[in-house]
>>> print(open('work.txt').read())   # compact mmCIF, C-alpha atoms
# COMPACT_ATOMS: atom_id res chain seq x y z
CA MET A 80 6.95 -33.33 2.52
CA MET A 81 8.22 -30.51 0.38
CA TYR A 82 11.66 -29.66 -1.04
CA GLY A 83 12.82 -32.78 0.83
CA PHE A 84 11.74 -31.47 4.24
CA HIS A 85 9.28 -33.59 6.26
CA TRP A 86 6.78 -31.92 8.53
CA ASP A 87 6.26 -32.96 12.09
CA LEU A 88 2.60 -32.73 13.09
CA SER A 89 3.04 -33.84 16.72
CA ASN A 90 2.56 -30.34 18.16
CA PRO A 91 2.29 -26.77 16.83
CA LEU A 92 5.82 -25.78 17.83
CA ALA A 93 7.39 -28.86 16.27
CA PHE A 94 5.26 -28.26 13.17
CA ALA A 95 6.41 -24.64 12.91
CA TRP A 96 10.04 -25.68 13.36
CA SER A 97 9.79 -28.42 10.74
CA ILE A 98 8.26 -26.19 8.06
CA LEU A 99 10.57 -23.24 8.77
CA PRO A 100 13.19 -24.38 6.17
CA ILE A 101 10.46 -24.55 3.49
CA ILE A 102 9.16 -21.07 4.37
CA LEU A 103 12.73 -19.73 4.33
CA ILE A 104 13.09 -20.96 0.74
CA GLY A 105 9.97 -18.88 0.06
CA LEU A 106 11.62 -15.96 1.84
CA THR A 107 14.48 -15.94 -0.69
CA VAL A 108 11.89 -15.70 -3.50
CA THR A 109 10.13 -12.86 -1.62
CA VAL A 110 13.40 -10.98 -1.23
CA GLU A 111 14.46 -11.56 -4.86
CA ALA A 112 11.10 -10.40 -6.20
CA THR A 113 11.25 -7.29 -4.00
CA ILE A 114 14.78 -6.36 -5.10
CA LEU A 115 14.08 -6.95 -8.79
CA GLY A 116 10.77 -5.06 -8.58
CA PHE A 117 12.52 -2.21 -6.75
CA ILE A 118 15.14 -1.85 -9.50
CA VAL A 119 12.43 -1.91 -12.19
CA SER A 120 10.44 0.75 -10.30
CA LEU A 121 13.50 3.00 -9.93
CA ILE A 122 14.20 2.88 -13.69
CA ILE A 123 10.62 3.21 -15.00
CA GLY A 124 9.83 5.73 -12.25
CA LEU A 125 12.75 7.91 -13.35
CA ALA A 126 11.62 7.70 -16.99
CA LEU A 127 8.07 8.69 -15.99
CA ALA A 128 9.33 11.56 -13.82
CA LEU A 129 11.51 12.94 -16.63
CA LEU A 130 8.70 12.67 -19.21
CA ARG A 131 6.37 14.35 -16.73
CA ARG A 132 8.81 17.26 -16.32
CA THR A 133 9.29 18.00 -20.03
CA HIS A 134 7.99 21.33 -21.23
CA THR A 135 6.26 19.73 -24.22
CA ARG A 136 2.66 19.60 -23.15
CA TRP A 137 1.61 16.68 -25.36
CA VAL A 138 4.24 14.53 -23.63
CA ALA A 139 3.87 15.76 -20.05
CA TRP A 140 0.08 15.57 -19.91
CA PRO A 141 -0.38 11.96 -21.18
CA THR A 142 2.44 10.88 -18.85
CA ALA A 143 0.54 12.37 -15.92
CA VAL A 144 -2.54 10.35 -16.93
CA VAL A 145 -0.49 7.14 -17.22
CA ILE A 146 1.05 7.70 -13.77
CA GLU A 147 -2.39 8.31 -12.26
CA PHE A 148 -3.80 5.24 -14.02
CA ILE A 149 -1.03 2.93 -12.81
CA ARG A 150 -1.30 4.30 -9.29
CA ASP A 151 -5.09 4.02 -9.00
CA THR A 152 -5.58 0.49 -10.31
CA PRO A 153 -4.88 -2.66 -8.27
CA LEU A 154 -1.58 -4.53 -8.52
CA ILE A 155 -3.34 -7.90 -8.79
CA VAL A 156 -5.29 -6.86 -11.91
CA GLN A 157 -2.17 -5.34 -13.50
CA LEU A 158 -0.39 -8.61 -12.74
CA PHE A 159 -3.13 -10.73 -14.36
CA PHE A 160 -3.06 -8.37 -17.33
CA LEU A 161 0.69 -8.84 -17.86
CA TYR A 162 0.55 -12.55 -17.09
CA TYR A 163 -2.15 -13.32 -19.66
CA VAL A 164 -1.58 -10.58 -22.22
CA LEU A 165 2.21 -10.58 -22.70
CA PRO A 166 2.23 -14.17 -24.08
CA GLN A 167 -0.34 -13.10 -26.70
CA PHE A 168 2.31 -10.74 -28.04
CA GLY A 169 4.92 -13.48 -28.06
CA ILE A 170 6.60 -12.34 -24.83
CA LEU A 171 6.95 -15.47 -22.73
CA LEU A 172 8.33 -14.63 -19.31
CA PRO A 173 8.53 -16.94 -16.30
CA ALA A 174 5.86 -16.17 -13.68
CA PHE A 175 8.51 -14.81 -11.31
CA LEU A 176 9.75 -12.22 -13.83
CA THR A 177 6.19 -11.22 -14.78
CA GLY A 178 5.45 -10.78 -11.08
CA ALA A 179 8.53 -8.68 -10.41
CA LEU A 180 7.76 -6.60 -13.50
CA ALA A 181 4.17 -5.96 -12.36
CA LEU A 182 5.41 -5.01 -8.89
CA GLY A 183 7.97 -2.67 -10.45
CA ILE A 184 5.43 -1.03 -12.75
CA GLN A 185 2.93 -0.44 -9.95
CA TYR A 186 5.60 1.20 -7.78
CA SER A 187 7.12 3.17 -10.67
CA ALA A 188 4.10 5.48 -10.39
CA TYR A 189 4.95 6.12 -6.74
CA MET A 190 8.68 6.45 -7.49
CA SER A 191 8.05 9.06 -10.17
CA GLU A 192 6.33 11.14 -7.47
CA VAL A 193 9.31 10.61 -5.17
CA TYR A 194 11.72 11.92 -7.80
CA ARG A 195 9.45 14.84 -8.62
CA ALA A 196 8.90 15.85 -4.99
CA GLY A 197 12.62 15.51 -4.26
CA LEU A 198 13.66 17.73 -7.16
CA ASP A 199 10.89 20.26 -6.52
CA ALA A 200 11.87 20.57 -2.86
CA VAL A 201 15.25 22.10 -3.73
CA PRO A 202 14.78 25.86 -3.16
CA HIS A 203 14.30 27.86 -6.34
CA GLY A 204 17.06 30.24 -5.32
CA GLN A 205 19.58 27.43 -5.83
CA LEU A 206 18.49 27.17 -9.45
CA GLU A 207 18.71 30.91 -9.90
CA ALA A 208 22.15 31.04 -8.30
CA ALA A 209 23.36 28.26 -10.60
CA THR A 210 22.01 30.15 -13.61
CA ALA A 211 23.61 33.39 -12.40
CA LEU A 212 26.95 31.58 -12.11
CA ASN A 213 26.54 30.53 -15.74
CA LEU A 214 26.65 26.80 -14.98
CA SER A 215 25.59 24.47 -17.79
CA ARG A 216 22.31 22.56 -17.38
CA THR A 217 24.15 19.28 -16.77
CA ARG A 218 26.47 20.86 -14.22
CA MET A 219 23.50 22.50 -12.51
CA TYR A 220 21.73 19.15 -12.07
CA VAL A 221 24.80 17.07 -11.21
CA SER A 222 26.45 19.53 -8.80
CA ILE A 223 23.58 21.57 -7.38
CA ILE A 224 20.11 20.05 -7.68
CA ILE A 225 20.58 16.27 -7.39
CA PRO A 226 22.99 16.41 -4.40
CA GLN A 227 20.41 18.38 -2.43
CA ALA A 228 17.51 16.21 -3.57
CA ILE A 229 19.11 12.92 -2.46
CA PRO A 230 18.51 13.29 1.32
CA ARG A 231 14.79 13.75 0.60
CA ILE A 232 14.53 11.06 -2.07
CA LEU A 233 16.34 8.13 -0.41
CA PRO A 234 14.15 7.74 2.73
CA ALA A 235 10.97 7.97 0.63
CA MET A 236 12.31 5.26 -1.65
CA GLY A 237 13.11 3.18 1.42
CA ASN A 238 9.53 3.47 2.64
CA TYR A 239 8.24 2.22 -0.69
CA LEU A 240 10.72 -0.66 -0.57
CA VAL A 241 9.15 -1.70 2.75
CA SER A 242 5.70 -1.50 1.12
CA MET A 243 6.91 -3.63 -1.77
CA ILE A 244 8.03 -6.41 0.57
CA LYS A 245 4.46 -6.56 1.88
CA ASP A 246 2.97 -6.62 -1.64
CA THR A 247 4.99 -9.62 -2.85
CA PRO A 248 2.43 -12.21 -1.60
CA VAL A 249 0.19 -11.01 -4.43
CA LEU A 250 2.63 -12.76 -6.78
CA SER A 251 1.46 -16.11 -5.40
CA VAL A 252 -1.73 -15.75 -7.49
CA VAL A 253 0.29 -16.39 -10.65
CA THR A 254 1.98 -19.49 -9.19
CA VAL A 255 5.09 -17.76 -7.81
CA LEU A 256 6.04 -19.84 -4.77
CA GLU A 257 6.99 -17.16 -2.27
CA MET A 258 6.32 -17.46 1.47
CA LEU A 259 2.54 -17.14 1.40
CA GLY A 260 2.14 -19.47 -1.58
CA LEU A 261 4.18 -22.14 0.19
CA ALA A 262 2.28 -21.64 3.45
CA ARG A 263 -1.00 -22.22 1.62
CA ILE A 264 0.29 -25.39 -0.02
CA ILE A 265 1.46 -26.72 3.35
CA GLY A 266 -2.00 -25.82 4.73
CA ASP A 267 -3.76 -27.58 1.84
CA ARG A 268 -1.74 -30.75 2.34
CA THR A 269 -1.86 -30.96 6.13
CA PHE A 270 -5.24 -29.23 6.71
CA ARG A 271 -3.46 -27.05 9.25
CA TYR A 272 -3.41 -23.42 8.21
CA LEU A 273 -2.96 -21.71 11.56
CA VAL A 274 0.74 -22.49 12.07
CA PRO A 275 2.08 -21.86 8.54
CA LEU A 276 0.07 -18.64 8.10
CA THR A 277 1.04 -17.33 11.54
CA LEU A 278 4.68 -18.16 10.84
CA VAL A 279 4.59 -16.24 7.55
CA GLY A 280 2.89 -13.31 9.29
CA ALA A 281 5.60 -13.27 11.96
CA ILE A 282 8.38 -13.31 9.35
CA PHE A 283 6.75 -10.41 7.50
CA LEU A 284 6.47 -8.49 10.76
CA ILE A 285 10.19 -9.01 11.50
CA LEU A 286 11.15 -8.12 7.92
CA SER A 287 9.16 -4.93 7.71
CA MET A 288 10.01 -3.70 11.21
CA THR A 289 13.72 -4.25 10.57
CA ALA A 290 13.50 -2.57 7.18
CA SER A 291 11.56 0.41 8.61
CA ALA A 292 14.13 0.82 11.38
CA GLY A 293 16.84 0.77 8.70
CA VAL A 294 15.06 3.49 6.73
CA ARG A 295 14.75 5.67 9.86
CA ARG A 296 18.48 5.25 10.56
CA LEU A 297 19.29 6.14 6.96
CA GLU A 298 17.10 9.24 7.23
CA ARG A 299 18.97 10.42 10.34
CA ALA A 300 22.37 9.59 8.86
CA LEU A 301 21.92 11.57 5.64
CA PRO A 302 23.25 15.13 5.87
CA LYS A 303 20.43 17.62 5.32
CA SER A 304 22.70 19.87 3.28
CA GLY A 305 23.11 17.23 0.57
CA ILE A 306 25.55 14.70 -0.80
CA LEU A 307 28.17 15.64 -3.36
CA LEU A 308 28.37 13.36 -6.37
CA ARG A 309 32.09 12.84 -6.58
CA MET B 204 -17.67 -12.14 -26.80
CA THR B 205 -17.98 -8.45 -27.44
CA GLY B 206 -17.44 -5.63 -25.01
CA THR B 207 -21.16 -5.15 -24.44
CA ALA B 208 -21.57 -8.75 -23.31
CA LEU B 209 -18.62 -8.46 -20.93
CA LEU B 210 -19.87 -5.33 -19.24
CA PRO B 211 -22.89 -6.63 -17.22
CA PRO B 212 -20.95 -9.26 -15.21
CA LEU B 213 -18.08 -6.82 -14.64
CA LEU B 214 -20.51 -4.16 -13.43
CA ALA B 215 -22.09 -6.69 -11.07
CA GLY B 216 -18.60 -7.27 -9.67
CA ALA B 217 -17.93 -3.54 -9.49
CA LYS B 218 -21.03 -3.19 -7.30
CA ILE B 219 -19.60 -5.69 -4.79
CA THR B 220 -16.25 -3.86 -4.95
CA ALA B 221 -18.01 -0.56 -4.22
CA GLU B 222 -19.88 -2.10 -1.27
CA LEU B 223 -16.67 -3.57 0.13
CA THR B 224 -14.89 -0.23 -0.26
CA ILE B 225 -17.64 1.78 1.41
CA ALA B 226 -18.06 -0.65 4.31
CA SER B 227 -14.35 -1.09 5.01
CA THR B 228 -13.44 2.58 4.54
CA PHE B 229 -16.14 3.54 7.02
CA ILE B 230 -15.22 0.92 9.64
CA GLY B 231 -11.53 1.56 8.95
CA ALA B 232 -12.02 5.27 9.64
CA VAL B 233 -13.66 4.51 13.00
CA LEU B 234 -10.78 2.16 13.88
CA ALA B 235 -8.23 4.73 12.72
CA PHE B 236 -9.63 7.43 15.01
CA ALA B 237 -10.02 5.04 17.94
CA ALA B 238 -6.51 3.60 17.63
CA GLY B 239 -4.88 6.88 16.62
CA ILE B 240 -6.35 8.80 19.57
CA ALA B 241 -5.63 5.90 21.94
CA ARG B 242 -2.03 5.69 20.74
CA GLY B 243 -1.52 9.42 21.15
CA THR B 244 -3.43 10.32 24.30
CA GLY B 245 -4.55 7.15 26.14
CA GLY B 246 -3.25 5.58 29.35
CA ARG B 247 -0.25 3.29 29.27
CA LEU B 248 -2.14 0.00 28.73
CA ILE B 249 -4.44 1.45 26.06
CA ARG B 250 -1.46 3.00 24.33
CA LEU B 251 0.30 -0.38 24.27
CA ILE B 252 -2.75 -2.20 22.87
CA ALA B 253 -3.13 0.41 20.14
CA ALA B 254 0.59 0.23 19.31
CA VAL B 255 0.50 -3.58 19.01
CA TYR B 256 -2.58 -3.44 16.77
CA ILE B 257 -1.00 -0.79 14.52
CA GLU B 258 2.35 -2.58 14.26
CA ILE B 259 0.83 -5.98 13.48
CA PHE B 260 -1.51 -4.75 10.77
CA ARG B 261 0.97 -2.33 9.22
CA GLY B 262 3.87 -4.75 9.51
CA THR B 263 2.33 -7.77 7.81
CA SER B 264 0.93 -8.15 4.35
CA LEU B 265 -2.79 -7.64 3.72
CA LEU B 266 -3.04 -10.91 1.79
CA VAL B 267 -1.51 -12.76 4.76
CA GLN B 268 -4.03 -11.10 7.10
CA LEU B 269 -6.86 -12.01 4.75
CA PHE B 270 -5.85 -15.67 4.52
CA TRP B 271 -5.20 -15.81 8.23
CA LEU B 272 -8.70 -14.58 9.02
CA TYR B 273 -10.19 -16.81 6.31
CA TYR B 274 -8.39 -20.10 7.05
CA ALA B 275 -7.08 -19.83 10.58
CA LEU B 276 -9.72 -17.86 12.47
CA PRO B 277 -12.49 -20.50 12.02
CA LEU B 278 -10.15 -23.06 13.64
CA LEU B 279 -9.87 -20.85 16.73
CA GLY B 280 -13.59 -20.25 17.08
CA PRO B 281 -15.99 -18.02 15.17
CA SER B 282 -16.83 -18.91 11.59
CA ILE B 283 -17.86 -15.82 9.67
CA GLY B 284 -18.76 -15.65 5.99
CA PRO B 285 -16.23 -14.64 3.32
CA PHE B 286 -17.77 -11.18 2.87
CA THR B 287 -17.55 -10.38 6.58
CA THR B 288 -14.01 -11.78 6.64
CA GLY B 289 -13.10 -9.55 3.71
CA VAL B 290 -14.58 -6.42 5.28
CA LEU B 291 -12.92 -7.27 8.61
CA ALA B 292 -9.46 -7.74 7.08
CA LEU B 293 -9.69 -4.62 4.92
CA SER B 294 -10.98 -2.45 7.79
CA LEU B 295 -8.36 -3.67 10.27
CA ASN B 296 -5.61 -3.09 7.70
CA ILE B 297 -6.62 0.36 6.53
CA GLY B 298 -7.53 1.32 10.13
CA ALA B 299 -3.95 0.66 11.23
CA TYR B 300 -2.54 2.88 8.46
CA GLY B 301 -5.16 5.54 9.22
CA ALA B 302 -4.30 5.43 12.93
CA GLU B 303 -0.76 6.59 12.15
CA VAL B 304 -2.17 9.49 10.13
CA VAL B 305 -4.54 10.47 12.95
CA ARG B 306 -1.78 10.23 15.56
CA GLY B 307 0.60 12.22 13.39
CA SER B 308 -1.83 15.10 12.85
CA ILE B 309 -2.72 15.23 16.55
CA LEU B 310 0.99 15.52 17.38
CA ALA B 311 1.37 18.21 14.72
CA VAL B 312 -1.07 20.55 16.46
CA ALA B 313 1.03 23.32 18.04
CA ARG B 314 2.07 22.61 21.63
CA ALA B 315 0.92 26.03 22.72
CA GLN B 316 -2.64 25.02 21.83
CA HIS B 317 -2.46 22.10 24.30
CA GLU B 318 -0.93 24.38 26.93
CA ALA B 319 -3.50 27.12 26.43
CA ALA B 320 -6.29 24.55 26.83
CA ILE B 321 -4.73 23.30 30.07
CA ALA B 322 -4.35 26.88 31.30
CA LEU B 323 -8.03 27.50 30.60
CA ASN B 324 -8.87 24.47 32.75
CA PHE B 325 -10.35 22.35 29.95
CA SER B 326 -10.74 18.69 30.84
CA ARG B 327 -8.74 16.09 28.85
CA ARG B 328 -11.80 15.21 26.82
CA GLN B 329 -12.69 18.83 26.09
CA ARG B 330 -9.09 19.50 25.09
CA LEU B 331 -9.21 16.66 22.59
CA TRP B 332 -12.65 17.33 21.13
CA HIS B 333 -12.77 21.13 21.19
CA ILE B 334 -9.17 22.20 20.72
CA VAL B 335 -6.95 19.50 19.23
CA LEU B 336 -9.16 17.48 16.89
CA PRO B 337 -10.81 20.45 15.12
CA GLN B 338 -7.34 21.67 14.17
CA ALA B 339 -5.95 18.23 13.36
CA LEU B 340 -8.89 17.12 11.20
CA PRO B 341 -8.24 19.33 8.14
CA GLU B 342 -4.56 18.27 8.17
CA MET B 343 -5.36 14.56 8.15
CA MET B 344 -7.91 14.70 5.33
CA PRO B 345 -5.55 14.51 2.29
CA PRO B 346 -3.60 11.46 3.54
CA LEU B 347 -6.85 9.78 4.61
CA GLY B 348 -8.15 10.37 1.08
CA ASN B 349 -5.11 8.55 -0.33
CA LEU B 350 -5.77 5.69 2.07
CA ALA B 351 -9.38 5.44 0.84
CA VAL B 352 -8.10 4.95 -2.73
CA GLN B 353 -5.54 2.46 -1.41
CA ASN B 354 -8.43 0.62 0.23
CA LEU B 355 -10.38 0.51 -3.04
CA LYS B 356 -7.35 -1.09 -4.73
CA ASP B 357 -6.90 -3.49 -1.82
CA THR B 358 -10.47 -4.82 -2.17
CA SER B 359 -9.27 -6.64 -5.32
CA LEU B 360 -7.44 -9.12 -3.05
CA VAL B 361 -10.70 -10.45 -1.56
CA SER B 362 -11.32 -12.22 -4.87
CA MET B 363 -8.80 -14.72 -3.48
CA ILE B 364 -11.23 -15.75 -0.73
CA THR B 365 -14.10 -16.42 -3.19
CA ILE B 366 -15.86 -13.04 -2.91
CA ALA B 367 -17.38 -12.23 -6.32
CA ASP B 368 -15.92 -8.73 -6.67
CA LEU B 369 -14.74 -7.07 -9.89
CA THR B 370 -11.43 -8.97 -10.03
CA PHE B 371 -13.21 -12.27 -9.35
CA HIS B 372 -15.63 -11.68 -12.23
CA ALA B 373 -12.76 -10.72 -14.52
CA GLN B 374 -11.00 -14.00 -13.68
CA ASN B 375 -14.22 -15.96 -14.28
CA LEU B 376 -14.83 -14.28 -17.63
CA ARG B 377 -11.28 -14.98 -18.71
CA ASN B 378 -11.63 -18.65 -17.86
CA LEU B 379 -14.89 -18.80 -19.85
CA THR B 380 -13.98 -16.76 -22.91
CA LEU B 381 -10.17 -16.33 -22.98
CA ASP B 382 -10.88 -12.78 -24.21
CA THR B 383 -8.01 -11.53 -22.10
CA VAL B 384 -7.25 -8.07 -23.47
CA PRO B 385 -10.79 -6.60 -23.47
CA ILE B 386 -11.67 -8.16 -20.10
CA TYR B 387 -8.67 -6.85 -18.20
CA SER B 388 -8.66 -3.50 -20.00
CA LEU B 389 -12.29 -2.97 -19.01
CA THR B 390 -11.55 -4.11 -15.46
CA LEU B 391 -8.65 -1.69 -15.10
CA LEU B 392 -10.77 1.14 -16.52
CA LEU B 393 -13.61 0.36 -14.11
CA TYR B 394 -11.21 0.47 -11.14
CA PHE B 395 -9.76 3.73 -12.45
CA ALA B 396 -13.25 5.24 -12.81
CA MET B 397 -14.16 4.19 -9.28
CA ALA B 398 -10.92 5.65 -7.96
CA LEU B 399 -11.63 8.98 -9.67
CA ILE B 400 -15.14 9.07 -8.18
CA LEU B 401 -13.78 8.19 -4.74
CA MET B 402 -11.10 10.90 -5.00
CA ALA B 403 -13.74 13.47 -5.96
CA CYS B 404 -15.83 12.44 -2.93
CA MET B 405 -12.85 12.66 -0.59
CA ARG B 406 -11.97 16.09 -1.95
CA GLY B 407 -15.54 17.21 -1.32
CA LEU B 408 -15.35 15.87 2.23
CA GLU B 409 -12.02 17.64 2.71
CA ARG B 410 -13.53 20.96 1.64
CA TRP B 411 -16.51 20.40 3.91
CA VAL B 412 -14.19 19.73 6.87
CA ARG B 413 -12.15 22.85 6.15
CA ILE B 414 -15.21 25.09 6.00
CA GLY B 415 -17.79 23.73 8.40
CA GLY B 416 -16.38 20.89 10.43
CA SER B 417 -13.69 22.80 12.26
CA PRO B 418 -14.97 25.46 14.66
CA ALA B 419 -11.42 26.33 15.70
CA ARG B 420 -10.74 27.76 12.27
CA SER B 421 -13.95 29.68 11.73
>>> encode(input="work.txt", output="structure tokens")
Amino acid sequence: MMYGFHWDLSNPLAFAWSILPIILIGLTVTVEATILGFIVSLIIGLALALLRRTHTRWVAWPTAVVIEFIRDTPLIVQLFFLYYVLPQFGILLPAFLTGALALGIQYSAYMSEVYRAGLDAVPHGQLEAATALNLSRTRMYVSIIIPQAIPRILPAMGNYLVSMIKDTPVLSVVTVLEMLGLARIIGDRTFRYLVPLTLVGAIFLILSMTASAGVRRLERALPKSGILLR
Amino acid sequence: MTGTALLPPLLAGAKITAELTIASTFIGAVLAFAAGIARGTGGRLIRLIAAVYIEIFRGTSLLVQLFWLYYALPLLGPSIGPFTTGVLALSLNIGAYGAEVVRGSILAVARAQHEAAIALNFSRRQRLWHIVLPQALPEMMPPLGNLAVQNLKDTSLVSMITIADLTFHAQNLRNLTLDTVPIYSLTLLLYFAMALILMACMRGLERWVRIGGSPARS
């Protein structure tokens, strides 16, 4: 029994049906961790991208190293690092928040590349035209560059969101009870791993296929010419 | 414990991590080409099998696949050791991602090249091996290089199924000494160093493919 739900071990189908409510509670944790991590990655990623673009070399260069370092080291080790090291500095976060933070930091490195690629893809002539028209720097970004970058940036972000969903099970290693963590506990208590693990796999498959289809629709729906920020 | 005492066990773990990476990148590459070519050019049944494989392993989480193979597979039949399980899960996972890269680059080869090969009466196999692949190969190298680094990072998850890789040793050391900051800093640095080495190797391979490995471009 878990969260007040009894499992029925009479046959695999009945077992799957009886543990579905428990796994769905885990699904809400998975979704919450993904959304929170996504928001963190968007913010830190933007900060990294802006620092990377500055013309001051002693800021841009170390930022590039940090981005590369975050991107090339495993999420699970970064997570352990935050989970054990933050409390030593008096920062006591619940495991869930530490997990979402680690997820967000790992993906911020990817997001910074998404921002950079999106901005760089706007043709240089647009910049020159804006300068020739004597637009201010703010006006140039808000009215010319960013509107044209959005159709390239959004689908790429969507693809990373799908990846993040699939990385959330890593959070179970620091006691976050998302789907996989719960499936393992059910397995440990009933000595039946096949059904809970297959069920979790199936839910991930549905989640990521639906999300990918959504990203593809978004990509088609966005006008290639850009979106005005009004 | 000082840094010098921490290093030997971490390096022992890094060796296992390197072995896992090499084995699964190699097998993954074979799977990627097999599934990618099958998905792009095979008959209907083969195409379907390849598509199902790719969707399942790209659509579910690696950790779920790892646990499934570790806990559930022995119940269905074969019992393989943790190391084999780890290599199997990593290869199948990275192979599925690689297959999409391979398929994509094959599709990106200009249509006229396929048509010219048909006009010159090349067989299907000759078309693939002599015309399409030599042109597709250089295009797929950079994304495959990224996947190799992804694979190196993914090997850290096998510590969860008792394989004594770098992450596993880091966890052990922490439990023994509670020297958290130096242990995890060193671990992260070791992963970073391995990633840099791997990237350099992949770049070398990419150059080699561009110069020698593609007769169509020479």
>>> interface_residues(input="work.txt", of="chain B", to="chain A", cutoff="10 Å", atoms="only C-alpha atoms", output="number ranges by chain")
B: 258-268, 270-279, 349, 352-360, 362-363, 369-371, 373-374, 377, 381-384, 386-388, 390-399, 402
>>> axis_aligned_box(input="work.txt", around="segment 330-348 of chain B", padding_each_side="8 Å", output="lines of an AutoDock Vina configuration file")
center_x = -8.2
center_y = 16.0
center_z = 13.1
size_x = 25.2
size_y = 28.4
size_z = 40.0
>>> atom_distance(input="work.txt", atom1="atom CA of Leu347 of chain B", atom2="atom CA of Tyr300 of chain B")
9.0 Å
>>> atom_distance(input="work.txt", atom1="atom CA of Ile101 of chain A", atom2="atom CA of Gly293 of chain A")
26.6 Å
>>> residues_around(input="work.txt", residues="segment 191-193 of chain A", least_positions_apart="6", cutoff="6 Å", atoms="all atoms listed in the file", output="list in words")
Gly124, Leu125, Leu127 and Ala128 of chain A
>>> residues_around(input="work.txt", residues="Leu129 of chain A", least_positions_apart="5", cutoff="12 Å", atoms="all atoms listed in the file", output="JSON, numbers by chain")
{"A": [122, 123, 124, 134, 135, 138, 139, 142, 143, 190, 191, 192, 193, 194, 195, 198]}
>>> atom_distance(input="work.txt", atom1="atom CA of Pro226 of chain A", atom2="atom CA of Thr210 of chain A")
16.6 Å
>>> closest_residue(input="work.txt", among="B:Ile400, B:Leu350, B:Ile366, B:Leu389", to="Gly301 of chain B", atoms="only C-alpha atoms")
B:Leu350
